[in-house]
Structure formats: structure tokens, C-alpha cells
Amino acid sequence: MKHNTKKFVLQELADYRESCAENVRIRERINNLKCSGNADVTNRELKILFLRQAYLERVIVAIDNLRENLNEDLSQLFNAKFLTRPSMQDKKIIAQLNVSRAKFYKDIDLICQMLADRLGLS
């Protein structure tokens, strides 16, 4: 996998919770616009909202599908690295999961590759 692709995929994984929240905010904003008939929002702005929502939904569905298909070890790594404490340093996660440094990074690469495949990036 190319370095830029891996970097992009890692960022999408790191932003997963924020993407879910942003998707909900966009959906609420679109629903409010439809209900209020607010003429201040142009078609271009509405189109941008729909495009962003479609992109976020695609990423969220891909990550959710990935999470469902991970084995126990990869699932624990995914949760520790990207969900429960995303700011935790890698060495602390390695110690917590009791895995070697090489296996940790190999598994991160595998998770990135699996998500890249689901997003059509590989």
C-alpha cells in the first residue's frame, strides 16, 4: 500500500467517531432546511451537504463492515487504537495487548489494507 493511502486510511480510522457525529449533524441540518424552507441556503450549499453526507456514510459503512469482520485479536487492537482511547500511545497499547511491536504494526497495516479494499483505494 502506498504511504499516502495508508496515511489517509489511518486518518479516516482516527476520525471515525467524529465522522459519525458529523453525519448526524449534517442529516439534522438537511432535515431542518427541508422543514423550514429556508431560502438562505443555495442549491450549491445543499449539494455540498449531500455530497459530504454521502462520503461520510460510505466511510462509516466501510469501517462498520470492517469491524464486523475482524477476528478477536484485530478487534481488540482496533478498539484500543481507534475507539476507546485513540490518544493512547502505541507503546502503551502494545503493552496492554501484550503483543510484539512488529505484530502490532503488521496488524495495523492489515487493518489499513482491509479498509482500503473496502473503500476501493487499493
# chains A, B, ... in the order shown; residues from 1 in each chain; ligands from 1
>>> residues_around(residues="A:Ser75", least_positions_apart="2", cutoff="12 Å", atoms="only C-alpha atoms", output="PyMOL selection string")
chain A and resi 63-64+66-73+77-84+97+107-108+110-111
>>> residues_around(residues="stretch 48-54 of chain A", least_positions_apart="3", cutoff="7 Å", atoms="only C-alpha atoms", output="list of chain:residue names")
A:Asn23, A:Ile26, A:Arg44, A:Glu45, A:Glu57, A:Arg58
>>> residues_around(residues="A:Cys112", least_positions_apart="3", cutoff="7 Å", atoms="only C-alpha atoms", output="JSON, numbers by chain")
{"A": [6, 9, 10, 108, 109, 115, 116]}
>>> atom_distance(atom1="atom CA of A:Thr5", atom2="atom CA of A:Ala21")
23.8 Å
>>> select_by_dssp(residues="stretch 5-94 of chain A", states="helix (DSSP H, G or I)", output="NGL selection string")
:A and (5-14 or 16-36 or 43-69 or 72-84 or 90-94)
>>> atom_distance(atom1="atom CA of A:Leu56", atom2="atom CA of A:Asp90")
26.6 Å
>>> atom_distance(atom1="atom CA of A:Met1", atom2="atom CA of A:Tyr55")
21.7 Å
